[in-house]
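Engineer: What follows is data32.cif; its format and atoms are mmCIF, C-alpha atoms.
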```cif
data_entry
loop_
_atom_site.label_atom_id
_atom_site.label_comp_id
_atom_site.auth_asym_id
_atom_site.auth_seq_id
_atom_site.Cartn_x
_atom_site.Cartn_y
_atom_site.Cartn_z
CA SER Y 1 20.89 6.73 -47.54
CA SER Y 2 19.98 3.09 -48.14
CA THR Y 3 16.71 3.51 -46.24
CA HIS Y 4 15.44 7.06 -46.84
CA GLY Y 5 15.20 9.82 -49.41
CA TYR Y 6 16.08 13.38 -48.40
CA SER Y 7 14.94 16.73 -49.81
CA ALA Y 8 16.97 19.80 -48.83
CA GLY Y 9 16.21 23.50 -49.13
CA GLY Y 10 14.28 24.87 -52.08
CA TYR Y 11 12.16 27.78 -53.18
CA ASN Y 12 8.42 28.52 -53.12
CA TYR Y 13 6.74 30.90 -55.59
CA GLY Y 14 3.32 30.75 -53.92
CA PRO Y 15 2.06 31.44 -50.40
CA GLY Y 16 5.01 31.51 -48.04
CA TYR Y 17 7.13 32.96 -50.86
CA GLY Y 18 10.82 32.50 -50.23
CA GLN Y 19 13.60 30.01 -49.61
CA PHE Y 20 13.88 27.11 -47.20
CA SER Y 21 16.62 25.64 -45.05
CA ASP Y 22 14.71 22.57 -43.89
CA ILE Y 23 15.68 19.00 -44.76
CA GLU Y 24 12.85 16.48 -45.07
CA LYS Y 25 13.10 12.70 -45.23
CA PHE Y 26 10.77 9.93 -46.37
CA SER Y 27 11.05 6.18 -45.93
CA PHE Y 28 11.73 3.87 -48.88
CA ALA Y 29 10.11 0.95 -47.01
CA SER Y 30 6.72 2.41 -46.20
CA GLU Y 31 4.38 4.97 -47.71
CA GLY Y 32 3.90 8.19 -45.81
CA ALA Y 33 4.48 11.90 -45.77
CA GLY Y 34 7.91 13.47 -45.50
CA VAL Y 35 9.01 14.69 -42.06
CA ASN Y 36 11.37 17.50 -41.15
CA CYS Y 37 14.55 15.92 -39.79
CA SER Y 38 17.23 18.60 -40.00
CA ASN Y 39 18.27 21.90 -41.59
CA LEU Y 40 20.89 23.25 -43.93
CA SER Y 41 23.32 25.77 -42.48
CA ALA Y 42 21.31 28.51 -44.25
CA GLU Y 43 18.34 28.97 -46.57
CA THR Y 44 19.40 27.67 -49.99
CA SER Y 45 17.76 27.01 -53.36
CA TYR Y 46 18.88 26.17 -56.91
CA THR Y 47 21.55 23.93 -55.36
CA ALA Y 48 23.21 20.66 -56.45
CA GLY Y 49 22.86 17.43 -54.47
CA SER Y 50 25.33 14.58 -53.96
CA SER Y 51 25.41 11.57 -51.63
CA SER Y 52 28.00 9.32 -50.06
CA THR Y 53 26.95 6.17 -48.21
CA THR Y 54 26.87 8.12 -44.92
CA HIS Y 55 26.19 11.77 -45.74
CA GLY Y 56 24.17 14.06 -47.97
CA TYR Y 57 25.70 17.14 -49.60
CA THR Y 58 24.36 20.34 -51.18
CA SER Y 59 26.61 22.62 -53.24
CA GLY Y 60 26.22 26.14 -54.59
CA GLY Y 61 22.88 27.81 -55.32
CA PHE Y 62 21.15 30.90 -54.01
CA SER Y 63 21.75 31.63 -50.33
CA THR Y 64 20.01 34.05 -47.98
CA ASN Y 65 19.07 37.36 -49.65
CA TRP Y 66 19.35 35.70 -53.10
CA LEU Y 67 23.13 35.88 -53.23
CA PHE Y 68 25.05 33.28 -55.25
CA THR Y 69 26.91 30.90 -52.95
CA SER Y 70 29.87 28.53 -53.31
CA LYS Y 71 29.20 26.76 -50.02
CA ILE Y 72 29.17 22.96 -49.64
CA ASP Y 73 26.92 21.68 -46.83
CA LYS Y 74 27.20 18.18 -45.32
CA MET Y 75 24.57 16.31 -43.28
CA SER Y 76 24.96 12.96 -41.53
CA PHE Y 77 22.28 10.35 -42.31
CA ALA Y 78 22.93 8.67 -38.95
CA THR Y 79 22.54 11.67 -36.65
CA GLU Y 80 20.51 14.05 -38.84
CA ALA Y 81 22.14 16.97 -37.06
CA THR Y 82 22.01 20.40 -38.70
CA ALA Y 83 24.18 20.42 -41.80
CA SER Y 84 27.61 22.01 -41.51
CA SER Y 85 29.54 23.98 -44.09
CA ILE Y 86 32.63 21.94 -45.01
CA GLY Y 87 34.19 23.88 -47.88
CA ASN Y 88 33.48 25.75 -51.06
CA LEU Y 89 33.19 25.26 -54.80
CA SER Y 90 35.78 26.99 -56.97
CA VAL Y 91 33.27 29.80 -57.60
CA ALA Y 92 29.81 30.84 -56.41
CA LYS Y 93 27.09 29.60 -58.79
CA ARG Y 94 23.45 28.59 -58.95
CA SER Y 95 21.68 25.74 -60.77
CA PRO Y 96 24.76 23.48 -60.97
CA VAL Y 97 24.36 19.71 -61.32
CA GLY Y 98 25.55 17.13 -58.80
CA SER Y 99 26.78 13.56 -59.13
CA ALA Y 100 28.98 11.27 -57.04
CA SER Y 101 31.47 8.44 -57.06
CA THR Y 102 32.05 6.28 -53.97
CA THR Y 103 34.71 8.72 -52.73
CA ASP Y 104 33.95 12.16 -54.17
CA GLY Y 105 31.17 14.58 -55.05
CA TYR Y 106 31.11 16.33 -58.44
CA VAL Y 107 29.39 19.60 -59.34
CA GLY Y 108 29.16 20.56 -63.01
CA GLY Y 109 28.05 23.69 -64.81
CA GLY Y 110 25.80 26.37 -63.33
CA HIS Y 111 25.06 30.06 -63.65
CA ILE Y 112 27.81 32.53 -62.73
CA GLY Y 113 26.05 35.86 -62.87
CA ALA Y 114 24.31 36.03 -66.25
CA SER Y 115 26.63 33.51 -67.95
CA ARG Y 116 26.96 29.72 -67.73
CA THR Y 117 30.11 27.85 -66.75
CA ASN Y 118 31.46 24.57 -68.13
CA ALA Y 119 33.60 23.84 -65.04
CA ILE Y 120 33.39 20.55 -63.16
CA ASP Y 121 34.32 20.74 -59.46
CA LYS Y 122 35.32 17.76 -57.33
CA PHE Y 123 35.35 17.51 -53.52
CA ALA Y 124 36.40 14.59 -51.32
CA PHE Y 125 33.89 12.97 -48.96
CA SER Y 126 36.73 12.10 -46.57
CA SER Y 127 37.96 15.65 -45.90
CA ASN Y 128 36.55 19.14 -45.48
CA THR Y 129 38.33 21.04 -48.23
CA THR Y 130 37.59 23.46 -51.03
CA ALA Y 131 36.66 21.73 -54.28
CA ALA Y 132 39.27 21.26 -57.00
CA SER Y 133 38.91 21.47 -60.77
CA HIS Y 134 38.01 18.19 -62.48
CA GLY Y 135 37.96 19.26 -66.11
CA THR Y 136 35.18 20.84 -68.12
CA LEU Y 137 31.87 20.03 -69.78
CA THR Y 138 31.54 20.20 -73.56
CA VAL Y 139 29.50 23.39 -73.16
CA GLY Y 140 28.69 25.87 -70.40
CA ALA Y 141 25.23 24.96 -69.11
CA ALA Y 142 23.02 25.21 -66.04
CA ALA Y 143 19.87 23.50 -64.70
CA GLY Y 144 20.65 20.08 -66.20
CA MET Y 145 20.06 16.64 -64.68
CA GLY Y 146 22.80 14.60 -63.00
CA GLN Y 147 23.38 10.86 -63.02
CA SER Y 148 26.15 8.67 -61.59
CA SER Y 149 27.57 5.29 -62.58
CA THR Y 150 30.35 3.54 -60.69
CA THR Y 151 32.95 5.02 -63.06
CA HIS Y 152 31.47 8.14 -64.68
CA GLY Y 153 29.30 11.16 -64.00
CA TYR Y 154 26.65 12.34 -66.48
CA ILE Y 155 24.85 15.63 -67.07
CA SER Y 156 21.84 15.54 -69.37
CA GLY Y 157 19.99 18.52 -70.79
CA GLY Y 158 20.26 22.00 -69.35
CA TYR Y 159 20.22 25.61 -70.39
CA THR Y 160 22.84 27.40 -72.46
CA SER Y 161 20.49 29.76 -74.39
CA PRO Y 162 18.71 27.90 -75.80
CA VAL Y 163 17.79 24.75 -73.87
CA ILE Y 164 19.87 21.69 -74.90
CA ALA Y 165 19.34 17.92 -75.23
CA SER Y 166 22.97 16.80 -75.00
CA ILE Y 167 24.27 14.20 -72.54
CA ASP Y 168 27.80 14.81 -71.25
CA LYS Y 169 29.90 12.02 -69.72
CA PHE Y 170 33.06 12.50 -67.64
CA PRO Y 171 35.36 9.94 -65.96
CA TYR Y 172 35.93 9.90 -62.21
CA ALA Y 173 39.43 8.47 -62.62
CA SER Y 174 40.89 11.48 -64.47
CA ASN Y 175 40.17 15.16 -65.00
CA SER Y 176 40.28 14.83 -68.77
CA GLY Y 177 36.92 16.53 -69.16
CA ALA Y 178 33.54 15.47 -70.50
CA THR Y 179 32.70 13.96 -73.87
CA ASP Y 180 29.44 13.92 -75.81
CA HIS Y 181 27.52 10.74 -74.93
CA GLY Y 182 24.44 11.37 -77.10
CA ASP Y 183 21.19 13.32 -76.77
CA LEU Y 184 17.88 13.20 -74.96
CA THR Y 185 14.79 12.83 -77.17
CA VAL Y 186 13.96 16.49 -76.53
CA ALA Y 187 15.80 19.53 -75.18
CA LYS Y 188 14.89 20.22 -71.55
CA ARG Y 189 16.08 21.77 -68.28
CA TRP Y 190 15.12 21.74 -64.57
CA GLY Y 191 14.38 18.03 -64.58
CA ALA Y 192 15.61 15.38 -62.16
CA GLY Y 193 18.22 12.68 -62.67
CA THR Y 194 18.42 9.26 -61.11
CA GLN Y 195 20.18 5.92 -61.67
CA TYR Y 196 20.25 2.33 -60.50
#
```
Would you put the structure from the file into structure tokens?
Structural biologist:
Amino acid sequence: SSTHGYSAGGYNYGPGYGQFSDIEKFSFASEGAGVNCSNLSAETSYTAGSSSTTHGYTSGGFSTNWLFTSKIDKMSFATEATASSIGNLSVAKRSPVGSASTTDGYVGGGHIGASRTNAIDKFAFSSNTTAASHGTLTVGAAAGMGQSSTTHGYISGGYTSPVIASIDKFPYASNSGATDHGDLTVAKRWGAGTQY
């Protein structure tokens, strides 16, 4: 959204142990606490996030009862109605990484069972369909950080066993796969990505 930040789902180790389905929002214009504004279609954690100009998306992760999920949820910024399931990733996975172009969401890597995948999935914002393959990362990794430019998606860091510092870059215009774009100053995972 151009006016608010949204936080969807998640997991709590402490009191109230478990997963969440709530979606909170906070204003960019004024300081203040987040407020509950909607819900995902089910409790979900370890998911990937993507945004169009009108909707927020979550993809994959752990669903209810800690089962891996391939579900893609979509929530309208304008109505803030409960998110609806609009399709699926190519495979159920947790800790994938999200990025977005102006027309599509991208979900790279993630855990599939005990292994990590290098697959990049792509789904259209304009239609409710199952994601299609969009090439591969240079290495199978999970729990990295996603960034988006107007022409490319990026995944930095992550976990392959061991933790990595690499930055992968893939084009939106073709499914030719990712290339090595350099390295972070230190290997890390479970961080957060952003861009301007």
Engineer: Expressed in Å to a single decimal, how great is the separation between atom CA of Y:Thr44 and atom CA of Y:Leu67?
Structural biologist: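 So the two atoms, atom CA of Y:Thr44 and atom CA of Y:Leu67, lie 9.6 Å apart.
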Engineer: Of the residues Y:Ser161, Y:Ser90, Y:Asn118, Y:Ser30, which is the one nearest to Y:Ser70, using only C-alpha atoms?
Structural biologist: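 Checking each candidate against Y:Ser70, we get Y:Ser90 as the closest.
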Engineer: Excluding same-chain residues fewer than 4 positions from Y:Gly105, what lies within 10 Å of it counting only C-alpha atoms, as a ChimeraX atom specification?
Structural biologist: /Y:49-52,56-59,98-101,121-125,131,153,172
Engineer: Taking the file as shown, find all residues satisfying the PyMOL selection byres ((chain Y and resi 72-89) around 9) and write them as a PDB file with C-alpha atoms, keeping the file's coordinate frame.
Structural biologist:
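expr_7.pdb written:
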```
ATOM      1  CA  SER Y   1      20.890   6.730 -47.540  1.00  0.00           C
ATOM      2  CA  HIS Y   4      15.440   7.060 -46.840  1.00  0.00           C
ATOM      3  CA  ILE Y  23      15.680  19.000 -44.760  1.00  0.00           C
ATOM      4  CA  CYS Y  37      14.550  15.920 -39.790  1.00  0.00           C
ATOM      5  CA  SER Y  38      17.230  18.600 -40.000  1.00  0.00           C
ATOM      6  CA  ASN Y  39      18.270  21.900 -41.590  1.00  0.00           C
ATOM      7  CA  LEU Y  40      20.890  23.250 -43.930  1.00  0.00           C
ATOM      8  CA  SER Y  41      23.320  25.770 -42.480  1.00  0.00           C
ATOM      9  CA  ALA Y  42      21.310  28.510 -44.250  1.00  0.00           C
ATOM     10  CA  THR Y  53      26.950   6.170 -48.210  1.00  0.00           C
ATOM     11  CA  THR Y  54      26.870   8.120 -44.920  1.00  0.00           C
ATOM     12  CA  HIS Y  55      26.190  11.770 -45.740  1.00  0.00           C
ATOM     13  CA  GLY Y  56      24.170  14.060 -47.970  1.00  0.00           C
ATOM     14  CA  TYR Y  57      25.700  17.140 -49.600  1.00  0.00           C
ATOM     15  CA  THR Y  58      24.360  20.340 -51.180  1.00  0.00           C
ATOM     16  CA  SER Y  59      26.610  22.620 -53.240  1.00  0.00           C
ATOM     17  CA  GLY Y  60      26.220  26.140 -54.590  1.00  0.00           C
ATOM     18  CA  THR Y  69      26.910  30.900 -52.950  1.00  0.00           C
ATOM     19  CA  SER Y  70      29.870  28.530 -53.310  1.00  0.00           C
ATOM     20  CA  LYS Y  71      29.200  26.760 -50.020  1.00  0.00           C
ATOM     21  CA  SER Y  90      35.780  26.990 -56.970  1.00  0.00           C
ATOM     22  CA  VAL Y  91      33.270  29.800 -57.600  1.00  0.00           C
ATOM     23  CA  ALA Y  92      29.810  30.840 -56.410  1.00  0.00           C
ATOM     24  CA  LYS Y  93      27.090  29.600 -58.790  1.00  0.00           C
ATOM     25  CA  VAL Y 107      29.390  19.600 -59.340  1.00  0.00           C
ATOM     26  CA  ASP Y 121      34.320  20.740 -59.460  1.00  0.00           C
ATOM     27  CA  LYS Y 122      35.320  17.760 -57.330  1.00  0.00           C
ATOM     28  CA  PHE Y 123      35.350  17.510 -53.520  1.00  0.00           C
ATOM     29  CA  SER Y 127      37.960  15.650 -45.900  1.00  0.00           C
ATOM     30  CA  ASN Y 128      36.550  19.140 -45.480  1.00  0.00           C
ATOM     31  CA  THR Y 129      38.330  21.040 -48.230  1.00  0.00           C
ATOM     32  CA  THR Y 130      37.590  23.460 -51.030  1.00  0.00           C
ATOM     33  CA  ALA Y 131      36.660  21.730 -54.280  1.00  0.00           C
ATOM     34  CA  ALA Y 132      39.270  21.260 -57.000  1.00  0.00           C
TER      35      ALA Y 132
END
```
Engineer: Please return as number ranges by chain every residue within 6 Å of (22.1, 17.1, -69.2), taking into account all atoms listed in the file and the file's own coordinates.
Structural biologist: Y: 144-145, 155-158, 166-167
Engineer: Choose the residue, out of Y:Ser63, Y:Asn36, Y:Ser45, Y:Ser27, that has the smallest atom-to-atom separation from Y:Tyr11; count all atoms listed in the file.
Structural biologist: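 Comparing Y:Ser63, Y:Asn36, Y:Ser45, Y:Ser27 against Y:Tyr11, the winner is Y:Ser45.
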Engineer: Need the shell around Y:Ala173: protein/DNA/RNA residues with any atom at most 10 Å away, counting only C-alpha atoms. Skip same-chain ones fewer than 5 positions apart. Format as an mmCIF file with C-alpha atoms, keeping the file's coordinate frame?
Structural biologist:
```
data_model
loop_
_atom_site.group_PDB
_atom_site.id
_atom_site.type_symbol
_atom_site.label_atom_id
_atom_site.label_comp_id
_atom_site.auth_asym_id
_atom_site.auth_seq_id
_atom_site.Cartn_x
_atom_site.Cartn_y
_atom_site.Cartn_z
ATOM 1 C CA SER Y 101 31.470 8.440 -57.060
ATOM 2 C CA HIS Y 134 38.010 18.190 -62.480
ATOM 3 C CA THR Y 151 32.950 5.020 -63.060
ATOM 4 C CA HIS Y 152 31.470 8.140 -64.680
#
```
Engineer: At a cut-off of 6 Å, using only C-alpha atoms, what residues contact Y:Pro96? Leave out same-chain residues fewer than 4 positions from it and give the result as an mmCIF file with C-alpha atoms, keeping the file's coordinate frame.
Structural biologist:
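Dumped to around-v7.cif:
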```cif
data_model
loop_
_atom_site.group_PDB
_atom_site.id
_atom_site.type_symbol
_atom_site.label_atom_id
_atom_site.label_comp_id
_atom_site.auth_asym_id
_atom_site.auth_seq_id
_atom_site.Cartn_x
_atom_site.Cartn_y
_atom_site.Cartn_z
ATOM 1 C CA ALA Y 48 23.210 20.660 -56.450
ATOM 2 C CA GLY Y 108 29.160 20.560 -63.010
ATOM 3 C CA GLY Y 109 28.050 23.690 -64.810
ATOM 4 C CA GLY Y 110 25.800 26.370 -63.330
ATOM 5 C CA ALA Y 142 23.020 25.210 -66.040
#
```
Engineer: Out of Y:Thr117, Y:Thr160, Y:Gln147, Y:Ser126, which residue has the shortest atom-to-atom distance to Y:Arg189 when counting all atoms listed in the file?
Structural biologist: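 Closest residue, counting all atoms listed in the file: Y:Thr160.
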Engineer: Could you tell me which of Y:Ile164, Y:Ala119, Y:Ile112, Y:Ala141 comes closest to Y:Ser176 if we count all atoms listed in the file?
Structural biologist: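 Among Y:Ile164, Y:Ala119, Y:Ile112, Y:Ala141, it is Y:Ala119 that comes nearest to Y:Ser176.
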Engineer: For atom CA of Y:Gly10 and atom CA of Y:Phe62, determine how far apart the two atoms are, in Å to one decimal place.
Structural biologist: 9.3 Å
Engineer: So the first atom is atom CA of Y:Arg116 and the second is atom CA of Y:Leu137; what is the distance between them in Å, to one decimal place?
Structural biologist: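 Between atom CA of Y:Arg116 and atom CA of Y:Leu137 the gap works out to 11.1 Å.
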Engineer: Compare Y:Ser2, Y:Thr64, Y:Ser149, Y:Thr136 by their minimum atom-to-atom distance to Y:Ala178, counting all atoms listed in the file, and give me the closest one.
Structural biologist: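 Counting all atoms listed in the file, the residue closest to Y:Ala178 is Y:Thr136.
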Engineer: Taking 6 positions as the minimum chain separation for residues in the same chain, which residues sit within 7 Å of Y:Tyr6 when counting only C-alpha atoms? Answer as JSON, numbers by chain.
Structural biologist: {"Y": [23, 24, 25, 26]}
Engineer: Produce a file of the selected residues containing C-alpha atoms, as an mmCIF file, in the frame of the given file.
Structural biologist:
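Output saved as selection_10.cif:
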```cif
data_model
loop_
_atom_site.group_PDB
_atom_site.id
_atom_site.type_symbol
_atom_site.label_atom_id
_atom_site.label_comp_id
_atom_site.auth_asym_id
_atom_site.auth_seq_id
_atom_site.Cartn_x
_atom_site.Cartn_y
_atom_site.Cartn_z
ATOM 1 C CA ILE Y 23 15.680 19.000 -44.760
ATOM 2 C CA GLU Y 24 12.850 16.480 -45.070
ATOM 3 C CA LYS Y 25 13.100 12.700 -45.230
ATOM 4 C CA PHE Y 26 10.770 9.930 -46.370
#
```
Engineer: Of the candidates Y:Thr103, Y:Asn12, Y:Thr179, Y:Gln19, which one gets nearest to Y:Thr138 if we count all atoms listed in the file?
Structural biologist: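 For Y:Thr138, the nearest of the candidates is Y:Thr179.
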